[in-house]
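Enquirer: Here it is, the structure in full.
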Amino acid sequence: VSTQSTWGLKDMAKVLIPVIQGSEEVEFITPADILRRAGIEVVIAKIPLDPTDEGNLTIKCSNGLLVVADAPIKDVIAKAWDMILIPGGGPGTENMAKNGEIIERLKKQKAEKKWVAAICAAPALVLAPNGILEGEKATCYPSLQSKLPDQTCAKERVVVSHNVITSQAPGTAFEFSLKCVELLVGASKMAVIKKETVAQISILTCISLPVSYTHLRAHETLRYLVCRLLLEKKN
């Protein structure tokens, strides 16, 4: 869902991805990878939890993976960024929401009509409580959708509203990333990345739906039966 198709495309866009202990790894590694494939400069910057964490660029992510950031947040937060992208992760978003410096930077980013992106818990726990979603349609992790000020598009996987882009979860991270590419450098570049990464959703992938028809809604049952017929025909 999009209420704003473009917001000023850039030939060489720059994206900041702030991370903190507990950030969800899929939700920042996937965007970083896809954006870099598109020729976009991406900096993953670590926010320290406390002074004892200063100088250590390693982040322990929400699922235990250790990732080394590109820079400390203090070295890059004041720079101009075409997009600031906030990953989710329960502990990560809770830690992020307590950081006044990053909240003020996000407010400044939105006020300057530059892109603010957030996924999973971040729209509900970082953006919404700080007024960054006022006047915006948005989505987030399903169990947190009641925290969004406007829930009109809360069931959508990716939502673009003015200069804010939001998405639901790790499972939507790839399409979220492709949409960020489109918004920053255009649909043609996004199409190239989509083709190169074979990001084509085959109708046969819906074969993973449960086989018990009683557990499917009507449209899901129909889709499942179509998929079964196609698979049987193929075989």
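Please note that chains go A, B, ... in the order of the structure tokens, that every chain numbers its residues from 1, and that ligands are numbered from 1 in the order shown.
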Pick out the residues sitting within 10 Å of region 61-78 of chain A, and hand them over as an MDAnalysis selection string; count only C-alpha atoms, and ignore anything fewer than 4 positions along from it in its own chain.
Expert: chainID A and resid 16:26 29 42:48 54:57 84 88:92 101:102 105:106
Enquirer: Name all residues at most 8 Å from region 115-117 of chain A (count only C-alpha atoms; drop same-chain ones fewer than 3 positions away) and give them as JSON, numbers by chain.
Expert: {"A": [7, 82, 83, 84, 85, 86, 106, 109, 110, 163, 164, 165, 166]}
Enquirer: Write the selection just made, keeping all heavy atoms, as a CSV table (one decimal), in the first residue's frame?
Expert:
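again09.csv was written with the following content:
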```csv
chain,number,residue,atom,x,y,z
A,7,TRP,N,9.5,10.1,-3.3
A,7,TRP,CA,9.7,11.3,-2.5
A,7,TRP,C,11.1,11.8,-2.8
A,7,TRP,O,12.0,12.1,-2.0
A,7,TRP,CB,9.7,10.9,-1.0
A,7,TRP,CG,9.5,12.1,-0.1
A,7,TRP,CD1,10.5,12.8,0.5
A,7,TRP,CD2,8.3,12.6,0.4
A,7,TRP,NE1,9.9,13.8,1.2
A,7,TRP,CE2,8.6,13.7,1.2
A,7,TRP,CE3,6.9,12.4,0.2
A,7,TRP,CZ2,7.6,14.5,1.8
A,7,TRP,CZ3,6.0,13.1,0.8
A,7,TRP,CH2,6.3,14.2,1.6
A,82,ASP,N,19.5,10.0,3.4
A,82,ASP,CA,18.3,10.0,2.6
A,82,ASP,C,17.2,9.1,3.3
A,82,ASP,O,16.0,9.4,3.1
A,82,ASP,CB,18.6,9.5,1.2
A,82,ASP,CG,19.5,10.4,0.5
A,82,ASP,OD1,19.2,11.6,0.3
A,82,ASP,OD2,20.7,9.9,0.2
A,83,MET,N,17.7,8.2,4.0
A,83,MET,CA,16.8,7.3,4.8
A,83,MET,C,17.4,6.8,6.1
A,83,MET,O,18.6,6.6,6.1
A,83,MET,CB,16.4,6.1,3.9
A,83,MET,CG,15.5,5.0,4.6
A,83,MET,SD,15.1,3.6,3.6
A,83,MET,CE,13.9,4.3,2.5
A,84,ILE,N,16.6,6.8,7.1
A,84,ILE,CA,17.0,6.2,8.4
A,84,ILE,C,16.1,5.0,8.6
A,84,ILE,O,14.9,5.2,8.6
A,84,ILE,CB,17.0,7.1,9.6
A,84,ILE,CG1,18.0,8.3,9.3
A,84,ILE,CG2,17.4,6.4,10.9
A,84,ILE,CD1,18.0,9.3,10.5
A,85,LEU,N,16.7,3.8,8.7
A,85,LEU,CA,15.9,2.6,8.8
A,85,LEU,C,16.1,1.9,10.1
A,85,LEU,O,17.2,1.6,10.6
A,85,LEU,CB,16.3,1.6,7.7
A,85,LEU,CG,15.5,0.4,7.4
A,85,LEU,CD1,15.7,-0.1,5.9
A,85,LEU,CD2,15.9,-0.8,8.3
A,86,ILE,N,14.9,1.7,10.8
A,86,ILE,CA,15.0,1.1,12.2
A,86,ILE,C,14.5,-0.3,12.2
A,86,ILE,O,13.3,-0.6,11.8
A,86,ILE,CB,14.1,2.0,13.1
A,86,ILE,CG1,14.5,3.4,13.1
A,86,ILE,CG2,14.2,1.4,14.6
A,86,ILE,CD1,15.9,3.7,13.6
A,106,LEU,N,15.3,11.0,14.4
A,106,LEU,CA,14.2,10.5,13.6
A,106,LEU,C,13.1,11.6,13.4
A,106,LEU,O,12.6,11.7,12.3
A,106,LEU,CB,13.5,9.3,14.2
A,106,LEU,CG,14.3,8.0,14.2
A,106,LEU,CD1,13.7,6.9,15.1
A,106,LEU,CD2,14.4,7.4,12.7
A,109,GLN,N,14.5,13.9,10.8
A,109,GLN,CA,14.5,13.3,9.5
A,109,GLN,C,13.1,13.4,8.9
A,109,GLN,O,13.0,13.8,7.7
A,109,GLN,CB,14.8,11.8,9.6
A,109,GLN,CG,14.9,11.0,8.3
A,109,GLN,CD,16.2,11.2,7.6
A,109,GLN,OE1,17.1,11.9,8.0
A,109,GLN,NE2,16.3,10.5,6.4
A,110,LYS,N,12.1,13.2,9.7
A,110,LYS,CA,10.7,13.3,9.1
A,110,LYS,C,10.4,14.7,8.8
A,110,LYS,O,9.8,15.0,7.8
A,110,LYS,CB,9.7,12.7,10.1
A,110,LYS,CG,8.3,12.7,9.5
A,110,LYS,CD,7.2,12.2,10.4
A,110,LYS,CE,5.9,12.2,9.7
A,110,LYS,NZ,4.8,12.0,10.6
A,163,ASN,N,6.5,10.3,3.7
A,163,ASN,CA,7.9,9.9,3.8
A,163,ASN,C,8.2,8.9,4.8
A,163,ASN,O,9.3,8.8,5.4
A,163,ASN,CB,8.9,11.1,3.9
A,163,ASN,CG,8.6,11.9,5.2
A,163,ASN,OD1,7.4,12.0,5.6
A,163,ASN,ND2,9.6,12.5,5.8
A,164,VAL,N,7.2,8.1,5.2
A,164,VAL,CA,7.4,7.0,6.1
A,164,VAL,C,7.0,5.7,5.5
A,164,VAL,O,6.0,5.5,4.9
A,164,VAL,CB,6.5,7.2,7.4
A,164,VAL,CG1,6.6,6.1,8.4
A,164,VAL,CG2,6.9,8.5,8.1
A,165,ILE,N,7.9,4.7,5.6
A,165,ILE,CA,7.7,3.3,5.1
A,165,ILE,C,7.8,2.3,6.3
A,165,ILE,O,8.7,2.4,7.0
A,165,ILE,CB,8.6,2.9,4.0
A,165,ILE,CG1,8.4,1.5,3.6
A,165,ILE,CG2,10.1,3.2,4.3
A,165,ILE,CD1,9.1,1.1,2.3
A,166,THR,N,6.8,1.5,6.4
A,166,THR,CA,6.7,0.5,7.5
A,166,THR,C,6.4,-0.9,7.0
A,166,THR,O,5.9,-1.0,5.9
A,166,THR,CB,5.7,0.9,8.5
A,166,THR,OG1,4.4,1.1,7.9
A,166,THR,CG2,6.1,2.2,9.3
```
Enquirer: Using only C-alpha atoms, which residues sit within 6 Å of region 122-124 of chain A once same-chain residues fewer than 4 positions away are excluded, as a ChimeraX atom specification?
Expert: /A:88,93,118,128,140,147-148
Enquirer: If you run DSSP on the backbone here, which positions in region 8-116 of chain A get strand (DSSP E or B)? Please write them as an MDAnalysis selection string.
Expert: chainID A and resid 14:19 41:46 58:60 66:68 71:72 83:86 115:116
Enquirer: Have a look at CA of Thr52 (chain A) and CA of Glu104 (chain A) and let me know their distance in Å, one decimal.
Expert: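 CA of Glu104 (chain A) lies at a distance of 23.0 Å from CA of Thr52 (chain A).
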Enquirer: Considering only C-alpha atoms, return as a list in words whatever protein or nucleic-acid residues lie within 8 Å of Ser177 (chain A), sequence-local ones (same chain, fewer than 4 positions apart) excluded.
Expert: Thr30, Pro31, Ile34, Leu35, Ala173 and Val181 of chain A
Enquirer: Could you write out the selected residues, including C-alpha atoms, as an mmCIF file, in the first residue's frame?
Expert:
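Listing of selection_7.cif after writing:
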```cif
data_model
loop_
_atom_site.group_PDB
_atom_site.id
_atom_site.type_symbol
_atom_site.label_atom_id
_atom_site.label_comp_id
_atom_site.auth_asym_id
_atom_site.auth_seq_id
_atom_site.Cartn_x
_atom_site.Cartn_y
_atom_site.Cartn_z
ATOM 1 C CA THR A 30 18.345 -8.028 4.648
ATOM 2 C CA PRO A 31 17.825 -4.306 3.950
ATOM 3 C CA ILE A 34 19.554 -5.428 -0.826
ATOM 4 C CA LEU A 35 20.238 -1.687 -0.616
ATOM 5 C CA ALA A 173 11.903 -7.917 5.184
ATOM 6 C CA VAL A 181 15.258 0.522 -3.205
#
```
Enquirer: Which distance in Å separates CA of Pro170 (chain A) and CA of Gly186 (chain A), to one decimal?
Expert: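 Separation of CA of Pro170 (chain A) and CA of Gly186 (chain A): 23.5 Å.
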Enquirer: Counting only C-alpha atoms, figure out which residue out of A:Val126, A:Ala187, A:Cys120, A:Val160 gets nearest to Ala138 (chain A).
Expert: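 So, comparing all the options, the nearest one is A:Val160.
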Enquirer: List the neighbours of Ile40 (chain A) out to 9 Å using only C-alpha atoms; skip same-chain residues closer than 6 positions along the sequence, and give me the result as a PDB file with N, CA and C atoms, in the first residue's frame.
Expert:
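Final output, saved to selection-v1.pdb:
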```
ATOM      1  N   ASP A  11      20.492   9.655  -7.087  1.00  0.00           N
ATOM      2  CA  ASP A  11      21.433   8.868  -7.872  1.00  0.00           C
ATOM      3  C   ASP A  11      22.334   8.049  -6.962  1.00  0.00           C
ATOM      4  N   MET A  12      22.770   8.644  -5.853  1.00  0.00           N
ATOM      5  CA  MET A  12      23.615   7.933  -4.899  1.00  0.00           C
ATOM      6  C   MET A  12      23.048   8.177  -3.515  1.00  0.00           C
ATOM      7  N   ALA A  13      22.097   7.361  -3.158  1.00  0.00           N
ATOM      8  CA  ALA A  13      21.414   7.549  -1.885  1.00  0.00           C
ATOM      9  C   ALA A  13      22.255   7.016  -0.735  1.00  0.00           C
ATOM     10  N   LYS A  14      21.977   7.547   0.457  1.00  0.00           N
ATOM     11  CA  LYS A  14      22.687   7.137   1.667  1.00  0.00           C
ATOM     12  C   LYS A  14      21.677   6.744   2.740  1.00  0.00           C
ATOM     13  N   VAL A  15      21.902   5.583   3.338  1.00  0.00           N
ATOM     14  CA  VAL A  15      20.963   5.059   4.330  1.00  0.00           C
ATOM     15  C   VAL A  15      21.698   4.734   5.619  1.00  0.00           C
ATOM     16  N   ILE A  34      20.295  -5.793   0.388  1.00  0.00           N
ATOM     17  CA  ILE A  34      19.554  -5.428  -0.826  1.00  0.00           C
ATOM     18  C   ILE A  34      19.857  -3.988  -1.246  1.00  0.00           C
ATOM     19  N   VAL A 181      14.459   0.298  -1.997  1.00  0.00           N
ATOM     20  CA  VAL A 181      15.258   0.522  -3.205  1.00  0.00           C
ATOM     21  C   VAL A 181      14.462   1.334  -4.212  1.00  0.00           C
ATOM     22  N   LEU A 184      14.146   4.994  -3.199  1.00  0.00           N
ATOM     23  CA  LEU A 184      15.398   5.748  -3.192  1.00  0.00           C
ATOM     24  C   LEU A 184      16.004   5.931  -4.575  1.00  0.00           C
ATOM     25  N   VAL A 185      15.976   4.874  -5.386  1.00  0.00           N
ATOM     26  CA  VAL A 185      16.674   4.961  -6.687  1.00  0.00           C
ATOM     27  C   VAL A 185      15.815   4.536  -7.868  1.00  0.00           C
TER      28      VAL A 185
END
```
Enquirer: With distances taken over only C-alpha atoms, which of A:Ala97, A:Glu112, A:Ser161, A:Asp33 is nearest to Leu133 (chain A)?
Expert: A:Ser161
Enquirer: Would you please extract all helix (DSSP H, G or I) residues from region 97-160 of chain A, as assigned by DSSP on the backbone, and give them as a PyMOL selection string?
Expert: chain A and resi 97+100-111+122-130+142-147
Enquirer: So how many Å separate CA of Glu94 (chain A) and CA of Tyr141 (chain A), to one decimal?
Expert: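 Between these atoms lies a distance of 14.2 Å.
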Enquirer: Tell me which protein, DNA and RNA residues are within 9 Å of region 188-194 of chain A, counting only C-alpha atoms, leaving out same-chain ones fewer than 4 positions away, and put them as number ranges by chain.
Expert: A: 34, 37-38, 178-183, 198-200
